[in-house]
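Novice: Got a structure for you, written out below as structure tokens; questions coming shortly.
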Amino acid sequence: MYENLAAKYRPGNLDMVLGQAAIKTTLANSVKLGRVSPAYVFYGPRGTGKTSIARILAKTLNCRDAGNGNPCGKCSSCTEIAESRSMDVLEIDAASHTDVDNVRSVIIDNVGLAPSRDKYKIYILDEVHMLSKTSFNALLKTIEEPPPHVVFIMATTEAAKVPPTILSRSQCFRFRPIPEDLIIERLREVAASEKFKVSDEALAVIAGSAGGAMRDALTLLDRAVSFGKGAVDPEVLNELLGHAAPDLIKDVALALIGRDAAALYSGFEKISREGYDPVTILRDLRNTLSETFLHLQGF
């Protein structure tokens, strides 16, 4: 069965994770020094490495031969966690376990039990902000006085929806969007490994459209390769992404700058008629206006 690129090239250790240098260093050092927190909250935009680092941390904590804050990737604990079949590392989608009964049955009622084999019993809660208020209250009691063998790793794209009582009892790490140059570099490596024909300009378009999310960039590369039958160029991407022609975006940008209502109306009429994606158009327009401003400023 075909394995998509985002899954195939998911980081297996901290060195493979793009960006997030401070987070990687802090977590690696905490493991080396034995300063493991009973609860972590990873928050930030999607596709920036939250769940990947949660899995890597889980593997490192239970690895038989972890070195330099990284898992070996070969022992039974590492392989089982990577394949989501470890009995001591439970990955829970909070969106499907929102009510308190689910939280009690899956977590609260079992948290006191010792790990079946490994050192820690680890709960990875993805999109934790989806839990109900009563679920958070039930979880809080466990986080306040956790058993010594339990670690919670909570990931969310909306930290503001996580109760302050949970945040204050956890080590919180903010994940930032991945810089485009790092995304381009990784995409180039993947394209070379997979023997895809992808131009540098196409890689730049993919990275710019990913919004700082490596997972989104790999997913887009996957789609583009299928659409382009193994070859990816800017024309293929523009068709796939719903990008308008550069000249059309430039005309709209100039109309905005010149306050030319008639030209602006004409430009948006063409955009509407062609059925381009509004979000993509706004992003292209923003980028064009930014480039124009920097040019006018002499940068």
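Note on naming: chains are A, B, ... as they come in the structure tokens, residues start from 1 per chain, ligands start from 1 in the order shown.
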Env of region 33-36 of chain A: 12 Å cut, atoms = only C-alpha atoms, seq-sep filter 5 positions within chain, self excluded. Answer as a list in words.
Specialist: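 Neighbouring residues, sequence-local ones excluded: Thr26, Leu27, Ala28, Leu57, Ala58, Thr60, Leu61, Asn68, Gly69, Tyr120, Ile122, Pro148, His149, Val150, Val151, Phe152, Ile153, Ser170 and Gln171 of chain A.
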Novice: Would you output that residue set with N, CA, C and O atoms, as a PDB file, in the first residue's frame?
Specialist:
ATOM      1  N   THR A  26      15.781  21.920  25.052  1.00  0.00           N
ATOM      2  CA  THR A  26      15.228  21.834  26.410  1.00  0.00           C
ATOM      3  C   THR A  26      14.766  20.422  26.738  1.00  0.00           C
ATOM      4  O   THR A  26      15.060  19.885  27.817  1.00  0.00           O
ATOM      5  N   LEU A  27      14.045  19.798  25.820  1.00  0.00           N
ATOM      6  CA  LEU A  27      13.532  18.454  26.069  1.00  0.00           C
ATOM      7  C   LEU A  27      14.664  17.427  26.147  1.00  0.00           C
ATOM      8  O   LEU A  27      14.653  16.542  27.016  1.00  0.00           O
ATOM      9  N   ALA A  28      15.639  17.558  25.257  1.00  0.00           N
ATOM     10  CA  ALA A  28      16.768  16.623  25.288  1.00  0.00           C
ATOM     11  C   ALA A  28      17.525  16.741  26.607  1.00  0.00           C
ATOM     12  O   ALA A  28      17.887  15.729  27.230  1.00  0.00           O
ATOM     13  N   LEU A  57       9.526  12.219  22.209  1.00  0.00           N
ATOM     14  CA  LEU A  57       9.735  12.292  23.647  1.00  0.00           C
ATOM     15  C   LEU A  57       9.275  11.000  24.320  1.00  0.00           C
ATOM     16  O   LEU A  57       9.960  10.474  25.214  1.00  0.00           O
ATOM     17  N   ALA A  58       8.122  10.483  23.897  1.00  0.00           N
ATOM     18  CA  ALA A  58       7.626   9.219  24.454  1.00  0.00           C
ATOM     19  C   ALA A  58       8.612   8.088  24.189  1.00  0.00           C
ATOM     20  O   ALA A  58       8.902   7.273  25.082  1.00  0.00           O
ATOM     21  N   THR A  60      11.834   8.369  23.630  1.00  0.00           N
ATOM     22  CA  THR A  60      13.060   8.615  24.390  1.00  0.00           C
ATOM     23  C   THR A  60      12.904   8.193  25.851  1.00  0.00           C
ATOM     24  O   THR A  60      13.805   7.578  26.434  1.00  0.00           O
ATOM     25  N   LEU A  61      11.772   8.510  26.447  1.00  0.00           N
ATOM     26  CA  LEU A  61      11.544   8.184  27.851  1.00  0.00           C
ATOM     27  C   LEU A  61      11.476   6.678  28.099  1.00  0.00           C
ATOM     28  O   LEU A  61      11.872   6.192  29.163  1.00  0.00           O
ATOM     29  N   ASN A  68      22.014  10.866  24.032  1.00  0.00           N
ATOM     30  CA  ASN A  68      21.985  12.296  23.668  1.00  0.00           C
ATOM     31  C   ASN A  68      20.559  12.838  23.552  1.00  0.00           C
ATOM     32  O   ASN A  68      20.272  13.701  22.720  1.00  0.00           O
ATOM     33  N   GLY A  69      19.673  12.311  24.380  1.00  0.00           N
ATOM     34  CA  GLY A  69      18.298  12.810  24.363  1.00  0.00           C
ATOM     35  C   GLY A  69      17.489  12.340  23.186  1.00  0.00           C
ATOM     36  O   GLY A  69      16.410  12.864  22.909  1.00  0.00           O
ATOM     37  N   TYR A 120       7.623   4.333  31.739  1.00  0.00           N
ATOM     38  CA  TYR A 120       6.541   5.303  31.895  1.00  0.00           C
ATOM     39  C   TYR A 120       5.287   4.867  31.150  1.00  0.00           C
ATOM     40  O   TYR A 120       5.359   4.230  30.083  1.00  0.00           O
ATOM     41  N   ILE A 122       2.540   6.768  29.165  1.00  0.00           N
ATOM     42  CA  ILE A 122       2.493   8.101  28.565  1.00  0.00           C
ATOM     43  C   ILE A 122       1.186   8.281  27.797  1.00  0.00           C
ATOM     44  O   ILE A 122       0.799   7.428  26.987  1.00  0.00           O
ATOM     45  N   PRO A 148       4.033   8.608  39.835  1.00  0.00           N
ATOM     46  CA  PRO A 148       5.399   8.864  39.348  1.00  0.00           C
ATOM     47  C   PRO A 148       5.718   8.240  37.998  1.00  0.00           C
ATOM     48  O   PRO A 148       6.676   8.647  37.338  1.00  0.00           O
ATOM     49  N   HIS A 149       4.903   7.283  37.578  1.00  0.00           N
ATOM     50  CA  HIS A 149       5.189   6.587  36.318  1.00  0.00           C
ATOM     51  C   HIS A 149       4.384   7.154  35.141  1.00  0.00           C
ATOM     52  O   HIS A 149       4.422   6.586  34.052  1.00  0.00           O
ATOM     53  N   VAL A 150       3.665   8.262  35.332  1.00  0.00           N
ATOM     54  CA  VAL A 150       2.773   8.786  34.286  1.00  0.00           C
ATOM     55  C   VAL A 150       3.273  10.126  33.752  1.00  0.00           C
ATOM     56  O   VAL A 150       3.696  10.991  34.519  1.00  0.00           O
ATOM     57  N   VAL A 151       3.213  10.286  32.420  1.00  0.00           N
ATOM     58  CA  VAL A 151       3.545  11.556  31.762  1.00  0.00           C
ATOM     59  C   VAL A 151       2.425  11.893  30.780  1.00  0.00           C
ATOM     60  O   VAL A 151       2.021  11.044  29.977  1.00  0.00           O
ATOM     61  N   PHE A 152       1.923  13.112  30.870  1.00  0.00           N
ATOM     62  CA  PHE A 152       0.926  13.602  29.917  1.00  0.00           C
ATOM     63  C   PHE A 152       1.604  14.546  28.926  1.00  0.00           C
ATOM     64  O   PHE A 152       2.332  15.452  29.334  1.00  0.00           O
ATOM     65  N   ILE A 153       1.353  14.336  27.636  1.00  0.00           N
ATOM     66  CA  ILE A 153       1.837  15.250  26.601  1.00  0.00           C
ATOM     67  C   ILE A 153       0.616  15.711  25.817  1.00  0.00           C
ATOM     68  O   ILE A 153      -0.022  14.912  25.116  1.00  0.00           O
ATOM     69  N   SER A 170       1.672  22.530  33.897  1.00  0.00           N
ATOM     70  CA  SER A 170       2.378  21.846  32.808  1.00  0.00           C
ATOM     71  C   SER A 170       3.562  22.681  32.339  1.00  0.00           C
ATOM     72  O   SER A 170       3.593  23.902  32.533  1.00  0.00           O
ATOM     73  N   GLN A 171       4.525  22.022  31.727  1.00  0.00           N
ATOM     74  CA  GLN A 171       5.576  22.746  31.012  1.00  0.00           C
ATOM     75  C   GLN A 171       5.041  23.044  29.616  1.00  0.00           C
ATOM     76  O   GLN A 171       4.704  22.120  28.872  1.00  0.00           O
TER      77      GLN A 171
END
Novice: Show me, as a list of chain:residue names, the residues that have an atom within 9 Å of Leu18 (chain A) when counting only C-alpha atoms, minus same-chain residues fewer than 5 positions from it.
Specialist: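 Listed by chain and then number, they are A:Pro11, A:Thr48, A:Gly49, A:Ile178, A:Pro179, A:Leu182, A:Ile183, A:Arg186, A:Met214.
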Novice: Show which residues sit within 7 Å of region 135-141 of chain A, as number ranges by chain. Count only C-alpha atoms, and ignore same-chain residues fewer than 6 positions away.
Specialist: A: 98-100, 103, 166
Novice: Could you save those same residues with N, CA and C atoms as an mmCIF file, in the first residue's frame?
Specialist:
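Saved as part-v4.cif:
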data_model
loop_
_atom_site.group_PDB
_atom_site.id
_atom_site.type_symbol
_atom_site.label_atom_id
_atom_site.label_comp_id
_atom_site.auth_asym_id
_atom_site.auth_seq_id
_atom_site.Cartn_x
_atom_site.Cartn_y
_atom_site.Cartn_z
ATOM 1 N N THR A 98 -14.332 13.769 23.994
ATOM 2 C CA THR A 98 -14.587 15.055 24.646
ATOM 3 C C THR A 98 -15.289 14.937 25.992
ATOM 4 N N ASP A 99 -16.183 13.956 26.134
ATOM 5 C CA ASP A 99 -16.979 13.920 27.359
ATOM 6 C C ASP A 99 -16.234 13.251 28.500
ATOM 7 N N VAL A 100 -16.662 13.533 29.695
ATOM 8 C CA VAL A 100 -15.952 13.109 30.901
ATOM 9 C C VAL A 100 -15.950 11.588 31.060
ATOM 10 N N VAL A 103 -12.998 10.241 29.201
ATOM 11 C CA VAL A 103 -11.756 10.569 29.883
ATOM 12 C C VAL A 103 -11.563 9.668 31.100
ATOM 13 N N ILE A 166 -4.772 23.954 33.930
ATOM 14 C CA ILE A 166 -3.985 22.899 33.267
ATOM 15 C C ILE A 166 -2.632 23.448 32.838
#
Novice: Measuring atom to atom with only C-alpha atoms, identify which of A:Asn70, A:Ser168, A:Gln20, A:Asn4 is nearest to Ala39 (chain A).
Specialist: A:Ser168
Novice: DSSP says alpha helix (DSSP H) for which residues of region 32-174 of chain A? Put them as a PyMOL selection string?
Specialist: chain A and resi 32+50-62+76-82+100-103+133-144+164-167
Novice: Show which residues sit within 10 Å of Asp88 (chain A), as a VMD selection string. Count only C-alpha atoms, and ignore same-chain residues fewer than 4 positions away.
Specialist: chain A and resid 58 62 77 80 to 81 114 to 123 150
Novice: Pick out the residues sitting within 9 Å of Ala159 (chain A), and hand them over as a PyMOL selection string; count only C-alpha atoms, and ignore anything fewer than 5 positions along from it in its own chain.
Specialist: chain A and resi 41-44+128-129+167
Novice: Between A:Phe227, A:Ala217, A:Thr288, A:Ser52, which is the closest to Leu248 (chain A) once you count only C-alpha atoms?
Specialist: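 The answer is A:Thr288, which sits nearest to Leu248 (chain A).
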Novice: Calculate how many Å separate CA of Arg223 (chain A) from CA of Asp284 (chain A), rounding to one decimal.
Specialist: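 Here the two named atoms are 20.1 Å from each other.
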Novice: Please return, as a list in words, all residues of region 54-215 of chain A that DSSP assigns to strand (DSSP E) on the basis of the backbone.
Specialist: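 After running DSSP on the backbone, region 54-215 of chain A has strand (DSSP E) at Val89, Leu90, Glu91, Ile92, Asp93, Lys121, Ile122, Tyr123, Ile124, Leu125, Asp126, Val150, Val151, Phe152, Ile153, Met154, Ala155, Thr156, Gln171, Cys172, Phe173, Arg174, Lys197 and Val198 of chain A.
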Novice: Would you save the residues from that selection as an mmCIF file, in the first residue's frame, using N, CA and C atoms?
Specialist:
data_model
loop_
_atom_site.group_PDB
_atom_site.id
_atom_site.type_symbol
_atom_site.label_atom_id
_atom_site.label_comp_id
_atom_site.auth_asym_id
_atom_site.auth_seq_id
_atom_site.Cartn_x
_atom_site.Cartn_y
_atom_site.Cartn_z
ATOM 1 N N VAL A 89 2.074 3.598 25.737
ATOM 2 C CA VAL A 89 1.948 4.942 25.163
ATOM 3 C C VAL A 89 0.618 5.009 24.424
ATOM 4 N N LEU A 90 -0.316 5.766 24.978
ATOM 5 C CA LEU A 90 -1.652 5.869 24.394
ATOM 6 C C LEU A 90 -1.817 7.217 23.707
ATOM 7 N N GLU A 91 -2.106 7.186 22.414
ATOM 8 C CA GLU A 91 -2.395 8.406 21.660
ATOM 9 C C GLU A 91 -3.905 8.575 21.586
ATOM 10 N N ILE A 92 -4.382 9.685 22.110
ATOM 11 C CA ILE A 92 -5.823 9.907 22.224
ATOM 12 C C ILE A 92 -6.216 11.158 21.451
ATOM 13 N N ASP A 93 -7.198 11.015 20.573
ATOM 14 C CA ASP A 93 -7.747 12.152 19.846
ATOM 15 C C ASP A 93 -8.814 12.788 20.728
ATOM 16 N N LYS A 121 4.149 5.237 31.712
ATOM 17 C CA LYS A 121 2.889 5.176 30.974
ATOM 18 C C LYS A 121 2.633 6.599 30.482
ATOM 19 N N ILE A 122 2.540 6.768 29.165
ATOM 20 C CA ILE A 122 2.493 8.101 28.565
ATOM 21 C C ILE A 122 1.186 8.281 27.797
ATOM 22 N N TYR A 123 0.529 9.397 28.069
ATOM 23 C CA TYR A 123 -0.710 9.737 27.376
ATOM 24 C C TYR A 123 -0.440 10.938 26.469
ATOM 25 N N ILE A 124 -0.619 10.743 25.167
ATOM 26 C CA ILE A 124 -0.493 11.837 24.196
ATOM 27 C C ILE A 124 -1.898 12.250 23.790
ATOM 28 N N LEU A 125 -2.299 13.452 24.178
ATOM 29 C CA LEU A 125 -3.641 13.954 23.884
ATOM 30 C C LEU A 125 -3.551 15.004 22.781
ATOM 31 N N ASP A 126 -4.013 14.646 21.603
ATOM 32 C CA ASP A 126 -3.966 15.561 20.463
ATOM 33 C C ASP A 126 -5.207 16.452 20.453
ATOM 34 N N VAL A 150 3.665 8.262 35.332
ATOM 35 C CA VAL A 150 2.773 8.786 34.286
ATOM 36 C C VAL A 150 3.273 10.126 33.752
ATOM 37 N N VAL A 151 3.213 10.286 32.420
ATOM 38 C CA VAL A 151 3.545 11.556 31.762
ATOM 39 C C VAL A 151 2.425 11.893 30.780
ATOM 40 N N PHE A 152 1.923 13.112 30.870
ATOM 41 C CA PHE A 152 0.926 13.602 29.917
ATOM 42 C C PHE A 152 1.604 14.546 28.926
ATOM 43 N N ILE A 153 1.353 14.336 27.636
ATOM 44 C CA ILE A 153 1.837 15.250 26.601
ATOM 45 C C ILE A 153 0.616 15.711 25.817
ATOM 46 N N MET A 154 0.271 16.979 25.975
ATOM 47 C CA MET A 154 -0.943 17.514 25.356
ATOM 48 C C MET A 154 -0.567 18.461 24.217
ATOM 49 N N ALA A 155 -1.180 18.261 23.071
ATOM 50 C CA ALA A 155 -0.905 19.101 21.903
ATOM 51 C C ALA A 155 -2.182 19.838 21.500
ATOM 52 N N THR A 156 -2.018 21.086 21.081
ATOM 53 C CA THR A 156 -3.186 21.872 20.686
ATOM 54 C C THR A 156 -2.795 22.993 19.728
ATOM 55 N N GLN A 171 4.525 22.022 31.727
ATOM 56 C CA GLN A 171 5.576 22.746 31.012
ATOM 57 C C GLN A 171 5.041 23.044 29.616
ATOM 58 N N CYS A 172 4.951 24.322 29.290
ATOM 59 C CA CYS A 172 4.337 24.733 28.023
ATOM 60 C C CYS A 172 5.400 25.151 27.012
ATOM 61 N N PHE A 173 5.253 24.677 25.799
ATOM 62 C CA PHE A 173 6.203 24.991 24.731
ATOM 63 C C PHE A 173 5.434 25.511 23.521
ATOM 64 N N ARG A 174 5.826 26.679 23.046
ATOM 65 C CA ARG A 174 5.175 27.273 21.870
ATOM 66 C C ARG A 174 5.937 26.908 20.600
ATOM 67 N N LYS A 197 10.877 15.034 -10.317
ATOM 68 C CA LYS A 197 11.410 16.160 -11.073
ATOM 69 C C LYS A 197 10.677 17.424 -10.624
ATOM 70 N N VAL A 198 11.330 18.180 -9.758
ATOM 71 C CA VAL A 198 10.704 19.369 -9.181
ATOM 72 C C VAL A 198 11.658 20.546 -9.314
#
Novice: My list of candidates is A:Met87, A:Ala204, A:Ala261, A:Thr142. Which is closest to Arg104 (chain A) when distances are computed with only C-alpha atoms?
Specialist: A:Thr142
Novice: List as a Markdown table every residue of region 157-217 of chain A that is in contact with region 267-283 of chain A, defined as an atom at most 12 Å from one of its atoms (using only C-alpha atoms), together with the nearest atom pair and the distance in Å rounded to one decimal, sorted by chain and then rising number.
Specialist:
| residue | atom | partner | partner_atom | distance |
| --- | --- | --- | --- | --- |
| A:Val205 | CA | A:Thr280 | CA | 11.7 |
| A:Gly208 | CA | A:Arg283 | CA | 9.4 |
| A:Ser209 | CA | A:Thr280 | CA | 8.2 |
| A:Ala210 | CA | A:Thr280 | CA | 11.0 |
| A:Gly211 | CA | A:Arg283 | CA | 9.8 |
Novice: Keeping all heavy atoms for every residue in the selection just given, could you write it to a file as a short mmCIF file (atom, residue, chain, number, x, y, z; two decimals), in the first residue's frame?
Specialist:
data_model
loop_
_atom_site.label_atom_id
_atom_site.label_comp_id
_atom_site.auth_asym_id
_atom_site.auth_seq_id
_atom_site.Cartn_x
_atom_site.Cartn_y
_atom_site.Cartn_z
N VAL A 205 7.22 27.73 -4.38
CA VAL A 205 5.77 27.92 -4.38
C VAL A 205 5.12 27.02 -3.32
O VAL A 205 4.24 27.45 -2.57
CB VAL A 205 5.16 27.62 -5.77
CG1 VAL A 205 3.64 27.62 -5.70
CG2 VAL A 205 5.64 28.65 -6.78
N GLY A 208 5.91 28.35 0.15
CA GLY A 208 5.15 29.56 0.43
C GLY A 208 3.68 29.30 0.70
O GLY A 208 3.04 30.02 1.46
N SER A 209 3.16 28.23 0.10
CA SER A 209 1.74 27.90 0.28
C SER A 209 1.48 27.08 1.53
O SER A 209 0.32 26.92 1.95
CB SER A 209 1.23 27.12 -0.94
OG SER A 209 1.36 27.88 -2.12
N ALA A 210 2.55 26.53 2.13
CA ALA A 210 2.38 25.63 3.28
C ALA A 210 2.12 26.39 4.57
O ALA A 210 1.70 25.79 5.57
CB ALA A 210 3.62 24.75 3.44
N GLY A 211 2.38 27.69 4.60
CA GLY A 211 2.12 28.47 5.80
C GLY A 211 2.93 28.05 7.00
O GLY A 211 2.45 28.11 8.13
#
Novice: Find, counting only C-alpha atoms, the residue in A:Leu289, A:Val236, A:Ala94, A:Ile206 that gets nearest to Asp251 (chain A).
Specialist: A:Leu289
Novice: Measure the distance from CA of Ala66 (chain A) to CA of Tyr40 (chain A) in Å and round it to one decimal.
Specialist: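 Between CA of Ala66 (chain A) and CA of Tyr40 (chain A) the gap works out to 20.0 Å.
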Novice: Neighbours of Tyr9 (chain A) within 10 Å (only C-alpha atoms; same-chain residues fewer than 5 positions away dropped), as a list in words?
Specialist: Glu3, Asn4, Met16, Arg186, Val190, Arg215 and Leu218 of chain A
Novice: So that I have them on file, write out the residues from the current selection with all heavy atoms, as a PDB file, in the first residue's frame.
Specialist:
ATOM      1  N   GLU A   3       2.422   4.698   0.860  1.00  0.00           N
ATOM      2  CA  GLU A   3       2.560   5.494   2.077  1.00  0.00           C
ATOM      3  C   GLU A   3       2.787   6.948   1.689  1.00  0.00           C
ATOM      4  O   GLU A   3       3.722   7.267   0.954  1.00  0.00           O
ATOM      5  CB  GLU A   3       3.747   4.987   2.906  1.00  0.00           C
ATOM      6  CG  GLU A   3       3.890   5.679   4.248  1.00  0.00           C
ATOM      7  CD  GLU A   3       5.036   5.108   5.082  1.00  0.00           C
ATOM      8  OE1 GLU A   3       5.959   4.521   4.479  1.00  0.00           O
ATOM      9  OE2 GLU A   3       5.002   5.263   6.311  1.00  0.00           O
ATOM     10  N   ASN A   4       1.912   7.842   2.170  1.00  0.00           N
ATOM     11  CA  ASN A   4       2.050   9.239   1.773  1.00  0.00           C
ATOM     12  C   ASN A   4       3.342   9.838   2.322  1.00  0.00           C
ATOM     13  O   ASN A   4       3.915   9.344   3.307  1.00  0.00           O
ATOM     14  CB  ASN A   4       0.824  10.053   2.209  1.00  0.00           C
ATOM     15  CG  ASN A   4       0.672  10.129   3.713  1.00  0.00           C
ATOM     16  OD1 ASN A   4       1.499  10.721   4.407  1.00  0.00           O
ATOM     17  ND2 ASN A   4      -0.401   9.553   4.236  1.00  0.00           N
ATOM     18  N   MET A  16      15.869  15.330  13.331  1.00  0.00           N
ATOM     19  CA  MET A  16      15.152  15.355  12.061  1.00  0.00           C
ATOM     20  C   MET A  16      14.019  16.379  12.049  1.00  0.00           C
ATOM     21  O   MET A  16      13.457  16.659  10.990  1.00  0.00           O
ATOM     22  CB  MET A  16      14.592  13.961  11.756  1.00  0.00           C
ATOM     23  CG  MET A  16      15.649  12.888  11.553  1.00  0.00           C
ATOM     24  SD  MET A  16      14.912  11.236  11.437  1.00  0.00           S
ATOM     25  CE  MET A  16      13.937  11.396   9.939  1.00  0.00           C
ATOM     26  N   ARG A 186      14.174  20.670   2.974  1.00  0.00           N
ATOM     27  CA  ARG A 186      13.657  19.321   3.222  1.00  0.00           C
ATOM     28  C   ARG A 186      12.919  18.780   1.993  1.00  0.00           C
ATOM     29  O   ARG A 186      13.065  17.604   1.634  1.00  0.00           O
ATOM     30  CB  ARG A 186      12.743  19.337   4.442  1.00  0.00           C
ATOM     31  CG  ARG A 186      12.056  17.992   4.757  1.00  0.00           C
ATOM     32  CD  ARG A 186      13.040  16.856   5.057  1.00  0.00           C
ATOM     33  NE  ARG A 186      13.873  17.148   6.182  1.00  0.00           N
ATOM     34  CZ  ARG A 186      13.533  16.931   7.456  1.00  0.00           C
ATOM     35  NH1 ARG A 186      12.351  16.440   7.745  1.00  0.00           N
ATOM     36  NH2 ARG A 186      14.389  17.198   8.427  1.00  0.00           N
ATOM     37  N   VAL A 190      13.612  15.304  -0.092  1.00  0.00           N
ATOM     38  CA  VAL A 190      12.574  14.308  -0.346  1.00  0.00           C
ATOM     39  C   VAL A 190      12.430  14.059  -1.845  1.00  0.00           C
ATOM     40  O   VAL A 190      12.337  12.909  -2.295  1.00  0.00           O
ATOM     41  CB  VAL A 190      11.229  14.756   0.261  1.00  0.00           C
ATOM     42  CG1 VAL A 190      10.085  13.845  -0.198  1.00  0.00           C
ATOM     43  CG2 VAL A 190      11.303  14.781   1.784  1.00  0.00           C
ATOM     44  N   ARG A 215       4.220  19.401   7.317  1.00  0.00           N
ATOM     45  CA  ARG A 215       3.291  18.347   6.905  1.00  0.00           C
ATOM     46  C   ARG A 215       2.466  18.788   5.706  1.00  0.00           C
ATOM     47  O   ARG A 215       2.269  18.022   4.755  1.00  0.00           O
ATOM     48  CB  ARG A 215       2.372  17.977   8.067  1.00  0.00           C
ATOM     49  CG  ARG A 215       1.432  16.815   7.738  1.00  0.00           C
ATOM     50  CD  ARG A 215       0.537  16.459   8.916  1.00  0.00           C
ATOM     51  NE  ARG A 215      -0.355  17.560   9.256  1.00  0.00           N
ATOM     52  CZ  ARG A 215      -0.525  18.022  10.493  1.00  0.00           C
ATOM     53  NH1 ARG A 215       0.145  17.514  11.498  1.00  0.00           N
ATOM     54  NH2 ARG A 215      -1.386  19.010  10.724  1.00  0.00           N
ATOM     55  N   LEU A 218       4.608  18.664   2.520  1.00  0.00           N
ATOM     56  CA  LEU A 218       4.792  17.307   1.987  1.00  0.00           C
ATOM     57  C   LEU A 218       3.508  16.789   1.344  1.00  0.00           C
ATOM     58  O   LEU A 218       3.545  16.119   0.309  1.00  0.00           O
ATOM     59  CB  LEU A 218       5.237  16.370   3.113  1.00  0.00           C
ATOM     60  CG  LEU A 218       6.683  16.547   3.590  1.00  0.00           C
ATOM     61  CD1 LEU A 218       6.927  15.741   4.857  1.00  0.00           C
ATOM     62  CD2 LEU A 218       7.668  16.138   2.495  1.00  0.00           C
TER      63      LEU A 218
END
